[in-house]
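Coordinates as given in my_file-v3.txt (compact mmCIF, C-alpha atoms):
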```
# COMPACT_ATOMS: atom_id res chain seq x y z
CA MET A 1 92.46 104.69 135.58
CA MET A 2 90.98 107.92 136.97
CA ASN A 3 87.27 107.89 137.88
CA GLU A 4 86.51 110.66 135.40
CA ASP A 5 88.10 108.59 132.60
CA ARG A 6 85.98 105.59 133.57
CA ASP A 7 82.84 107.72 133.73
CA SER A 8 83.63 109.27 130.35
CA MET A 9 84.08 105.85 128.80
CA GLN A 10 80.86 104.54 130.31
CA ASN A 11 78.92 107.55 129.04
CA ARG A 12 80.39 107.19 125.58
CA THR A 13 79.87 103.44 125.24
CA ALA A 14 76.35 103.67 126.64
CA VAL A 15 75.26 105.49 123.50
CA ALA A 16 77.37 103.46 121.07
CA ARG A 17 75.02 101.35 119.01
CA HIS A 18 75.87 98.71 116.45
CA ASN A 19 75.07 100.12 113.01
CA THR A 20 72.57 97.95 111.13
CA GLU A 21 72.23 100.12 108.02
CA VAL A 22 75.33 98.76 106.29
CA ASN A 23 74.45 95.65 104.29
CA GLN A 24 76.43 92.83 105.88
CA SER A 25 74.20 90.04 104.63
CA GLY A 26 76.22 86.90 104.05
CA ARG A 27 78.39 87.35 107.14
CA HIS A 28 77.79 85.06 110.08
CA VAL A 29 79.45 87.54 112.46
CA PRO A 30 79.02 91.14 111.27
CA ILE A 31 81.83 93.64 111.64
CA ASN A 32 81.17 95.56 114.88
CA LEU A 33 80.27 99.04 113.64
CA ARG A 34 79.70 100.64 117.03
CA GLN A 35 81.58 103.94 117.22
CA SER A 36 82.85 103.54 120.78
CA GLY A 37 86.19 105.34 120.45
CA SER A 38 89.37 104.60 122.38
CA THR A 39 89.38 102.20 125.29
CA PRO A 40 91.13 103.84 128.27
CA ILE A 41 91.67 100.67 130.27
CA GLU A 42 94.75 98.62 131.01
CA LEU A 43 95.08 95.58 128.78
CA LEU A 44 96.18 92.62 130.86
CA ILE A 45 98.78 90.50 129.07
CA SER A 46 100.13 87.48 130.92
CA THR A 47 102.18 84.47 129.89
CA ARG A 48 99.23 83.33 127.74
CA VAL A 49 100.65 85.85 125.24
CA ARG A 50 104.15 84.98 124.06
CA LYS A 51 107.18 87.21 124.08
CA SER A 52 109.16 86.73 120.89
CA PRO A 53 112.96 86.34 121.05
CA TYR A 54 113.22 90.02 119.99
CA TRP A 55 110.70 91.44 122.46
CA HIS A 56 113.21 92.66 125.06
CA LEU A 57 115.30 94.13 122.24
CA SER A 58 112.29 96.10 121.00
CA VAL A 59 111.76 97.46 124.50
CA GLU A 60 115.44 98.36 124.65
CA ALA A 61 115.02 100.20 121.33
CA GLY A 62 112.23 102.34 122.78
CA CYS A 63 108.99 100.47 122.01
CA TRP A 64 106.29 102.14 124.11
CA ARG A 65 103.10 100.69 122.62
CA ALA A 66 102.22 97.21 121.43
CA THR A 67 99.32 95.09 120.32
CA VAL A 68 98.75 91.33 120.24
CA TYR A 69 99.29 89.51 116.94
CA ASN A 70 99.29 85.73 116.58
CA ARG A 71 99.16 85.53 120.38
CA MET A 72 102.46 87.42 120.66
CA TYR A 73 103.49 90.91 121.74
CA HIS A 74 103.74 93.06 118.62
CA PRO A 75 105.50 96.48 118.67
CA ARG A 76 103.38 99.33 117.28
CA ASN A 77 105.26 102.51 118.22
CA TYR A 78 108.83 103.53 119.02
CA ALA A 79 109.05 107.27 118.31
CA LEU A 80 107.25 109.24 121.03
CA PRO A 81 104.41 111.57 120.01
CA GLU A 82 106.46 114.62 121.02
CA ASP A 83 109.23 113.37 118.69
CA GLY A 84 106.94 112.98 115.70
CA GLY A 85 105.38 109.61 116.55
CA ALA A 86 104.43 107.31 113.71
CA MET A 87 105.07 109.98 111.09
CA ALA A 88 108.71 110.24 112.21
CA GLU A 89 108.97 106.50 111.68
CA TYR A 90 107.37 106.96 108.26
CA HIS A 91 110.02 109.54 107.34
CA ALA A 92 112.79 107.08 108.24
CA LEU A 93 111.15 104.35 106.17
CA VAL A 94 110.68 106.32 102.95
CA ASN A 95 114.02 108.17 103.14
CA HIS A 96 116.51 105.86 104.86
CA VAL A 97 116.27 102.30 106.20
CA THR A 98 114.39 100.72 109.07
CA MET A 99 114.33 97.47 111.05
CA TRP A 100 111.10 95.90 112.29
CA ASN A 101 110.54 93.16 114.83
CA VAL A 102 108.13 90.89 112.95
CA ALA A 103 108.64 87.68 114.88
CA VAL A 104 104.84 87.55 115.07
CA GLU A 105 105.01 86.22 111.50
CA ARG A 106 105.24 82.76 112.98
CA GLN A 107 106.79 80.19 110.64
CA ILE A 108 104.72 77.07 110.02
CA GLN A 109 106.82 74.41 108.35
CA VAL A 110 105.33 71.82 105.99
CA LYS A 111 107.94 69.18 105.20
CA GLY A 112 107.93 65.75 103.61
CA PRO A 113 107.56 63.81 100.35
CA ASP A 114 104.04 65.21 99.76
CA ALA A 115 104.85 68.79 100.74
CA GLU A 116 104.13 70.25 97.30
CA LYS A 117 100.89 68.29 96.91
CA PHE A 118 99.65 69.31 100.34
CA VAL A 119 100.54 72.97 99.88
CA ASP A 120 98.87 72.95 96.46
CA PHE A 121 95.66 71.74 98.10
CA VAL A 122 95.52 74.51 100.72
CA ILE A 123 96.50 77.56 98.64
CA THR A 124 94.68 79.01 95.63
CA ARG A 125 97.80 79.46 93.50
CA ALA A 126 99.79 76.61 91.94
CA ALA A 127 102.45 75.36 94.35
CA ASN A 128 104.53 73.73 91.61
CA LEU A 129 105.24 77.19 90.15
CA ILE A 130 107.09 78.13 93.34
CA LYS A 131 110.59 76.75 92.81
CA PRO A 132 113.05 76.02 95.62
CA MET A 133 114.55 79.21 97.09
CA ARG A 134 111.62 81.26 95.87
CA ALA A 135 108.57 82.65 97.66
CA LYS A 136 105.06 83.90 96.83
CA TYR A 137 102.34 85.91 98.49
CA VAL A 138 99.43 83.46 98.73
CA ILE A 139 96.02 83.07 100.30
CA LEU A 140 94.40 80.11 102.03
CA CYS A 141 90.60 79.96 101.85
CA ASN A 142 87.86 78.01 103.58
CA GLU A 143 85.19 75.99 101.79
CA GLN A 144 83.11 79.13 101.19
CA GLY A 145 86.05 81.01 99.64
CA GLY A 146 86.71 83.21 102.67
CA ILE A 147 90.33 84.17 103.33
CA LEU A 148 91.77 82.30 106.33
CA ASN A 149 95.29 83.70 106.04
CA ASP A 150 97.44 85.58 103.51
CA PRO A 151 101.04 84.61 104.24
CA VAL A 152 104.25 84.83 102.34
CA LEU A 153 105.02 81.23 101.40
CA LEU A 154 108.72 80.35 101.27
CA ARG A 155 109.93 77.22 99.51
CA VAL A 156 113.28 76.62 101.17
CA ALA A 157 113.79 73.15 99.65
CA GLU A 158 112.11 70.76 97.23
CA ASP A 159 110.29 69.09 100.12
CA GLU A 160 109.99 72.01 102.56
CA PHE A 161 107.76 75.09 102.71
CA TRP A 162 107.43 77.80 105.39
CA PHE A 163 104.17 79.68 105.81
CA SER A 164 105.14 83.11 107.18
CA ILE A 165 101.68 83.75 108.52
CA SER A 166 99.49 86.78 109.09
CA ASP A 167 97.29 87.19 112.16
CA SER A 168 95.38 83.91 112.31
CA ASP A 169 96.59 80.63 113.73
CA ILE A 170 96.66 78.65 110.51
CA GLU A 171 98.79 75.81 111.91
CA PHE A 172 95.78 74.18 113.56
CA TRP A 173 93.73 74.42 110.36
CA LEU A 174 96.56 72.88 108.30
CA ARG A 175 96.79 70.00 110.75
CA GLY A 176 93.03 69.53 110.62
CA VAL A 177 92.99 69.45 106.82
CA ASN A 178 95.63 66.75 106.79
CA VAL A 179 93.79 64.58 109.30
CA GLY A 180 91.29 63.99 106.53
CA LYS A 181 93.67 64.01 103.56
CA GLY A 182 96.60 62.00 104.90
CA PHE A 183 99.43 63.62 102.92
CA ASP A 184 102.91 62.39 103.89
CA VAL A 185 104.05 65.59 105.58
CA THR A 186 104.89 66.97 109.00
CA ILE A 187 103.33 70.28 110.04
CA ALA A 188 104.80 72.34 112.89
CA GLU A 189 105.84 75.80 113.98
CA ILE A 190 109.62 76.16 113.94
CA ASP A 191 112.06 78.34 115.88
CA VAL A 192 112.58 80.89 113.12
CA ALA A 193 111.90 84.59 113.69
CA PRO A 194 112.17 87.29 111.01
CA VAL A 195 113.09 90.95 111.11
CA GLN A 196 112.25 93.22 108.22
CA ILE A 197 114.80 95.64 106.73
CA GLN A 198 112.77 98.19 104.75
CA GLY A 199 113.53 101.45 102.96
CA PRO A 200 115.49 102.86 100.00
CA LYS A 201 118.83 102.19 101.73
CA SER A 202 117.95 98.58 102.55
CA GLU A 203 119.98 97.06 99.72
CA ALA A 204 123.10 98.98 100.76
CA LEU A 205 122.71 97.82 104.37
CA MET A 206 122.03 94.22 103.38
CA THR A 207 125.06 94.24 101.07
CA ASP A 208 127.23 95.31 104.00
CA LEU A 209 125.82 92.43 106.02
CA PHE A 210 125.75 89.64 103.44
CA GLY A 211 127.83 90.70 100.45
CA PRO A 212 127.08 91.72 96.86
CA ALA A 213 124.98 88.60 96.18
CA VAL A 214 122.10 90.43 97.89
CA SER A 215 121.73 92.57 94.77
CA ASP A 216 120.99 89.44 92.74
CA ILE A 217 118.01 88.36 94.86
CA PRO A 218 114.88 88.84 92.73
CA PHE A 219 111.59 90.05 94.15
CA TYR A 220 110.29 87.14 96.23
CA GLY A 221 113.64 85.40 95.84
CA LEU A 222 115.49 83.70 98.71
CA MET A 223 119.15 83.43 99.66
CA GLU A 224 120.98 81.64 102.45
CA GLY A 225 123.20 83.82 104.59
CA ASN A 226 125.22 83.94 107.78
CA LEU A 227 125.31 86.86 110.20
CA ASN A 228 128.03 86.71 112.83
CA GLY A 229 127.85 82.92 112.90
CA VAL A 230 124.06 82.64 112.74
CA ASP A 231 122.43 80.93 109.76
CA VAL A 232 119.59 82.92 108.20
CA ILE A 233 117.33 82.89 105.16
CA ILE A 234 117.00 86.22 103.33
CA SER A 235 114.04 87.15 101.15
CA GLN A 236 113.36 90.24 99.10
CA THR A 237 109.90 90.79 100.57
CA GLY A 238 108.18 93.14 103.00
CA TRP A 239 105.03 94.86 104.17
CA SER A 240 105.85 98.42 103.17
CA GLY A 241 105.79 99.05 99.42
CA GLU A 242 109.40 100.25 99.75
CA LYS A 243 112.45 98.24 98.68
CA GLY A 244 113.08 95.76 101.45
CA TYR A 245 114.12 92.39 102.78
CA GLU A 246 113.31 89.94 105.54
CA VAL A 247 115.98 88.15 107.55
CA TYR A 248 114.72 84.85 108.96
CA CYS A 249 116.86 83.98 111.97
CA LYS A 250 117.19 80.23 112.55
CA ASP A 251 117.20 78.93 116.14
CA ALA A 252 115.93 82.37 117.05
CA THR A 253 115.44 81.62 120.74
CA LEU A 254 119.23 81.30 120.99
CA ASN A 255 120.38 83.71 118.27
CA ALA A 256 118.05 86.73 118.39
CA GLU A 257 120.54 89.10 120.01
CA THR A 258 123.30 88.24 117.56
CA VAL A 259 121.14 89.05 114.55
CA TRP A 260 119.51 92.14 116.08
CA TYR A 261 122.72 93.77 117.26
CA GLY A 262 124.50 92.79 114.05
CA VAL A 263 121.92 94.70 112.00
CA LEU A 264 122.02 97.67 114.38
CA GLU A 265 125.80 97.94 114.14
CA ALA A 266 125.88 97.78 110.35
CA GLY A 267 122.93 100.15 110.18
CA LYS A 268 124.76 103.04 111.80
CA ALA A 269 126.31 103.95 108.45
CA HIS A 270 122.87 104.05 106.80
CA ASP A 271 120.78 106.03 109.32
CA LEU A 272 118.96 102.89 110.44
CA MET A 273 115.96 103.38 112.71
CA VAL A 274 114.05 100.67 114.56
CA ILE A 275 110.35 101.23 113.88
CA ALA A 276 107.02 99.44 114.01
CA PRO A 277 105.47 97.83 110.91
CA ALA A 278 104.49 100.75 108.71
CA ASN A 279 100.71 100.78 108.66
CA HIS A 280 100.72 104.14 106.87
CA ARG A 281 102.98 103.01 104.01
CA ARG A 282 101.34 99.64 103.50
CA ILE A 283 97.93 101.34 103.11
CA ALA A 284 99.38 103.57 100.39
CA ALA A 285 100.68 100.43 98.66
CA GLY A 286 97.30 98.71 98.93
CA ILE A 287 98.74 95.96 101.14
CA LEU A 288 96.07 94.29 103.28
CA SER A 289 96.05 93.52 106.99
CA TRP A 290 94.32 90.28 107.96
CA GLY A 291 91.73 90.85 110.70
CA GLN A 292 91.48 94.52 109.80
CA ASP A 293 90.85 94.63 106.04
CA ILE A 294 90.06 90.97 105.43
CA ASP A 295 89.05 87.88 107.37
CA GLN A 296 87.53 84.44 106.90
CA GLU A 297 84.25 85.97 105.69
CA VAL A 298 85.82 88.11 102.96
CA SER A 299 86.34 86.66 99.48
CA PRO A 300 89.39 87.53 97.35
CA PHE A 301 86.92 88.92 94.78
CA GLN A 302 85.81 91.51 97.32
CA CYS A 303 89.23 92.89 98.21
CA ASN A 304 91.33 93.28 95.04
CA LEU A 305 92.81 89.78 95.34
CA ALA A 306 91.06 88.19 92.35
CA TYR A 307 94.48 87.67 90.78
CA GLN A 308 95.11 85.12 93.54
CA VAL A 309 92.42 82.85 92.02
CA PRO A 310 93.87 81.45 88.78
CA ARG A 311 91.61 80.25 86.00
CA ASP A 312 93.96 77.50 84.90
CA LYS A 313 94.85 75.66 88.11
CA GLU A 314 93.95 72.06 87.34
CA GLY A 315 94.18 70.51 90.79
CA ASP A 316 91.55 70.84 93.47
CA TYR A 317 92.05 73.09 96.48
CA VAL A 318 90.01 74.15 99.49
CA GLY A 319 87.44 76.71 98.36
CA LYS A 320 87.91 76.15 94.61
CA ALA A 321 84.29 75.33 93.81
CA ALA A 322 82.95 78.32 95.74
CA LEU A 323 85.46 80.73 94.22
CA GLU A 324 84.88 79.57 90.65
CA LYS A 325 81.11 79.87 91.13
CA ALA A 326 81.54 83.38 92.54
CA ARG A 327 83.66 84.46 89.58
CA GLU A 328 81.08 83.02 87.17
CA ASP A 329 78.32 84.99 88.93
CA ILE A 330 80.35 88.23 88.92
CA GLU A 331 81.15 87.94 85.23
CA ALA A 332 77.46 87.37 84.55
CA GLY A 333 76.69 90.61 86.37
CA ASN A 334 75.30 88.98 89.51
CA SER A 335 77.82 89.58 92.28
CA PRO A 336 77.08 87.42 95.34
CA TYR A 337 78.68 90.04 97.57
CA PRO A 338 76.89 93.15 98.87
CA LEU A 339 80.16 94.98 99.60
CA CYS A 340 83.61 95.28 98.07
CA MET A 341 86.85 97.02 98.97
CA VAL A 342 87.90 100.31 97.38
CA GLY A 343 90.37 103.07 98.10
CA ILE A 344 89.27 106.57 99.03
CA VAL A 345 90.81 109.96 99.66
CA PHE A 346 88.99 112.11 102.22
CA GLY A 347 89.13 115.45 103.96
CA GLY A 348 89.42 116.54 107.56
CA GLU A 349 92.37 116.73 109.90
CA PRO A 350 95.35 114.47 109.09
CA VAL A 351 94.89 110.96 110.45
CA THR A 352 98.16 110.11 112.17
CA ASP A 353 97.29 107.20 114.44
CA TYR A 354 95.46 103.90 114.42
CA ALA A 355 91.67 104.07 114.21
CA HIS A 356 89.74 102.72 117.20
CA ASP A 357 86.63 101.88 115.17
CA PHE A 358 85.51 101.05 111.65
CA TRP A 359 84.37 104.56 110.68
CA LEU A 360 81.10 104.83 108.80
CA ILE A 361 80.72 105.87 105.15
CA TYR A 362 77.66 107.55 103.63
CA ASP A 363 76.38 108.04 100.10
CA GLY A 364 77.05 111.42 98.52
CA ALA A 365 79.24 114.42 99.25
CA VAL A 366 78.75 116.96 101.99
CA GLU A 367 77.81 120.07 100.04
CA SER A 368 77.47 122.41 102.99
CA LYS A 369 77.25 122.48 106.77
CA ALA A 370 73.49 122.08 106.42
CA SER A 371 73.81 119.15 104.05
CA GLN A 372 75.35 116.04 105.57
CA GLY A 373 74.91 113.73 102.59
CA GLY A 374 72.84 110.57 102.89
CA ASN A 375 71.45 109.69 106.30
CA ASP A 376 72.04 105.94 106.23
CA ALA A 377 75.53 104.45 106.44
CA ILE A 378 76.40 102.33 103.41
CA GLY A 379 79.91 101.13 104.23
CA TYR A 380 82.86 101.39 106.57
CA VAL A 381 86.55 102.23 106.68
CA THR A 382 89.04 99.50 107.59
CA SER A 383 92.44 101.26 107.34
CA PRO A 384 92.81 105.07 107.31
CA TRP A 385 95.95 107.22 107.44
CA PHE A 386 97.42 110.48 106.17
CA SER A 387 99.68 110.39 103.10
CA PRO A 388 102.37 113.11 103.21
CA GLU A 389 103.16 112.63 99.51
CA LEU A 390 99.54 112.95 98.41
CA GLU A 391 98.83 115.58 101.08
CA THR A 392 95.49 114.00 101.91
CA ASN A 393 93.96 111.29 104.06
CA ILE A 394 93.66 107.90 102.39
CA ALA A 395 91.86 104.72 103.38
CA LEU A 396 90.82 101.24 102.40
CA CYS A 397 87.12 100.66 102.93
CA PHE A 398 84.09 98.58 102.02
CA VAL A 399 81.23 100.10 100.01
CA PRO A 400 78.27 98.61 98.12
CA TRP A 401 79.37 96.58 95.10
CA HIS A 402 77.41 98.77 92.68
CA MET A 403 79.13 101.94 93.97
CA LYS A 404 82.75 100.86 93.50
CA GLU A 405 83.58 102.96 90.45
CA THR A 406 86.49 105.40 90.63
CA GLY A 407 85.27 108.96 91.14
CA THR A 408 82.17 108.06 93.17
CA ALA A 409 81.41 110.78 95.74
CA LEU A 410 80.95 109.68 99.33
CA SER A 411 81.18 111.16 102.80
CA LEU A 412 82.80 109.84 105.94
CA ALA A 413 82.00 110.41 109.62
CA LEU A 414 85.20 111.26 111.49
CA PRO A 415 85.53 110.49 115.22
CA ALA A 416 85.80 113.24 117.82
CA GLU A 417 89.62 113.23 117.86
CA TYR A 418 89.60 114.36 114.22
CA GLY A 419 86.81 116.91 114.53
CA GLY A 420 83.75 114.67 114.65
CA GLU A 421 82.28 115.97 111.38
CA ARG A 422 81.23 114.42 108.10
CA VAL A 423 83.81 115.10 105.40
CA ASN A 424 83.90 114.48 101.67
CA ALA A 425 85.48 111.33 100.26
CA THR A 426 86.11 110.10 96.71
CA ILE A 427 86.85 106.61 95.43
CA VAL A 428 90.28 106.41 93.78
CA ASP A 429 92.49 103.71 92.31
CA VAL A 430 94.53 101.42 94.56
CA PRO A 431 97.45 101.49 95.13
CA PHE A 432 97.53 105.11 96.17
CA ARG A 433 101.29 105.24 95.58
CA PRO A 434 103.50 102.96 93.47
CA SER A 435 105.54 100.28 95.19
CA ALA A 436 109.23 99.61 94.62
CA ASN A 437 108.21 96.09 93.60
CA PRO A 438 104.63 96.12 92.24
CA ASN A 439 102.65 92.91 92.72
CA SER A 440 100.86 90.95 90.00
CA ARG A 441 97.66 92.94 90.50
CA ASP A 442 99.44 96.25 90.00
CA VAL A 443 101.46 95.05 87.00
CA LYS A 444 98.28 93.80 85.30
CA LYS A 445 96.51 97.10 85.97
CA ALA A 446 99.46 99.12 84.63
CA ASN A 447 99.47 97.09 81.41
CA GLN A 448 95.74 97.51 80.71
```

Let's see the structure in the file written out as structure tokens.
Amino acid sequence: MMNEDRDSMQNRTAVARHNTEVNQSGRHVPINLRQSGSTPIELLISTRVRKSPYWHLSVEAGCWRATVYNRMYHPRNYALPEDGGAMAEYHALVNHVTMWNVAVERQIQVKGPDAEKFVDFVITRAANLIKPMRAKYVILCNEQGGILNDPVLLRVAEDEFWFSISDSDIEFWLRGVNVGKGFDVTIAEIDVAPVQIQGPKSEALMTDLFGPAVSDIPFYGLMEGNLNGVDVIISQTGWSGEKGYEVYCKDATLNAETVWYGVLEAGKAHDLMVIAPANHRRIAAGILSWGQDIDQEVSPFQCNLAYQVPRDKEGDYVGKAALEKAREDIEAGNSPYPLCMVGIVFGGEPVTDYAHDFWLIYDGAVESKASQGGNDAIGYVTSPWFSPELETNIALCFVPWHMKETGTALSLALPAEYGGERVNATIVDVPFRPSANPNSRDVKKANQ
């Protein structure tokens, strides 16, 4: 790194102060609200961070930027900035079909005679309603009702479940729970690595690969398949809001190339593009990112996941007492949470890359250059991006519980790379755009 870059960073971070105006009471570790900008240093990644079976194939496909997710390399960009960057990848996703390396969704297998009972105890939803060869989006909570993980849960057999996990190492927690409970199950990560096939042409591509039975897979349904001699599990799921599938490659350490190249070859007829997971599209769909939008100190009642806490689940589960008490308090008009998640649209230059900080939100609109709205920050942005369809910036963010109503006027402090000014923001409904397969939350809202 050049000396001037180091000096610039030191000068910038020297004045970055943790914001204490936002009410984060209730959190043991507050979200770091310092506005310190980008970090122009080299990130050292050694063998302590795993390379998935697809990592070299992602590099071959042009991956030039990555992050760490579940202690694994995770591709974040393929298209170069001069070739359109992330927005070029977005265009491919919403118009054609894309393949993503999502091996970081590590598969934690729970298998044995008590598999259903154990799973029912660690998720908020009812495990018995997930039939073999079906899946569900679920959450696992701690004793206080905080979200530990929000995986897709696959039931591949009567006595076998796979947790396709988000970015927290839930295997150790599952093992710890069972030390005390003693269910007759085995718990282990298995050598299964998924790729996602997402976009409006995904069904046509998957039909070429696996036959017409693909069209019969329901949303969150599973199907066994074989790709060039490799056994896979197929699900109609994804992290995009577009029509899509996941292909879970078995014995992935041995078979990754066969699956990857098989998809690439069939994809030529459908304008397939290898891209990173579509942060921009998932925000528009209201899909959450663990560690960014939610964590173990965020309740499902704070982040539009109340539908994940059923009123009629008879059996006990981790966090049940805390969640039922919280719902009782909310319905009585006494929310135990100072903040909740909302969606906003906001002005300023188009946001076309990942945010380096949790940008600060203020009460009231910016009426003029001389009027910068309220002086104290009241909330923060977790996931911002520009929506080409809506022709505006959109974001998920946390604001005070009493200010969550649609139409509330706010303002947002943009970082220097987007002009560095306060711009107007307005709370709107989530999702920002409909999904090809709306979830239970969205269906319920549409029917109200």

Checklist outcome for this item: The residue from A:Ile361, A:Ile170, A:Leu412, A:Ile197 with the smallest atom-to-atom distance to Val22 (chain A), counting all atoms listed in the file, is A:Ile361

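Taking only C-alpha atoms into account, Trp239 (chain A) lies nearest to A:Leu93 out of the set A:Ala306, A:Leu93, A:Ala188, A:Ile139.
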
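Closest to Thr124 (chain A) among A:Ala16, A:Val138, A:Leu305, A:Ala365 is A:Val138, based on all atoms listed in the file.
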
Item to check | Counting all atoms listed in the file, the option among A:Val195, A:Val49, A:Leu148, A:Ile123 closest to Cys249 (chain A) | outcome: A:Val195

Checklist entry - What lies within 12 Å of Leu154 (chain A) using all atoms listed in the file, ignoring chain neighbours under 6 positions off, as a PyMOL selection string? => result chain A and resi 107-111+116+119+127+130-138+160-165+220-223+233-237+246+248
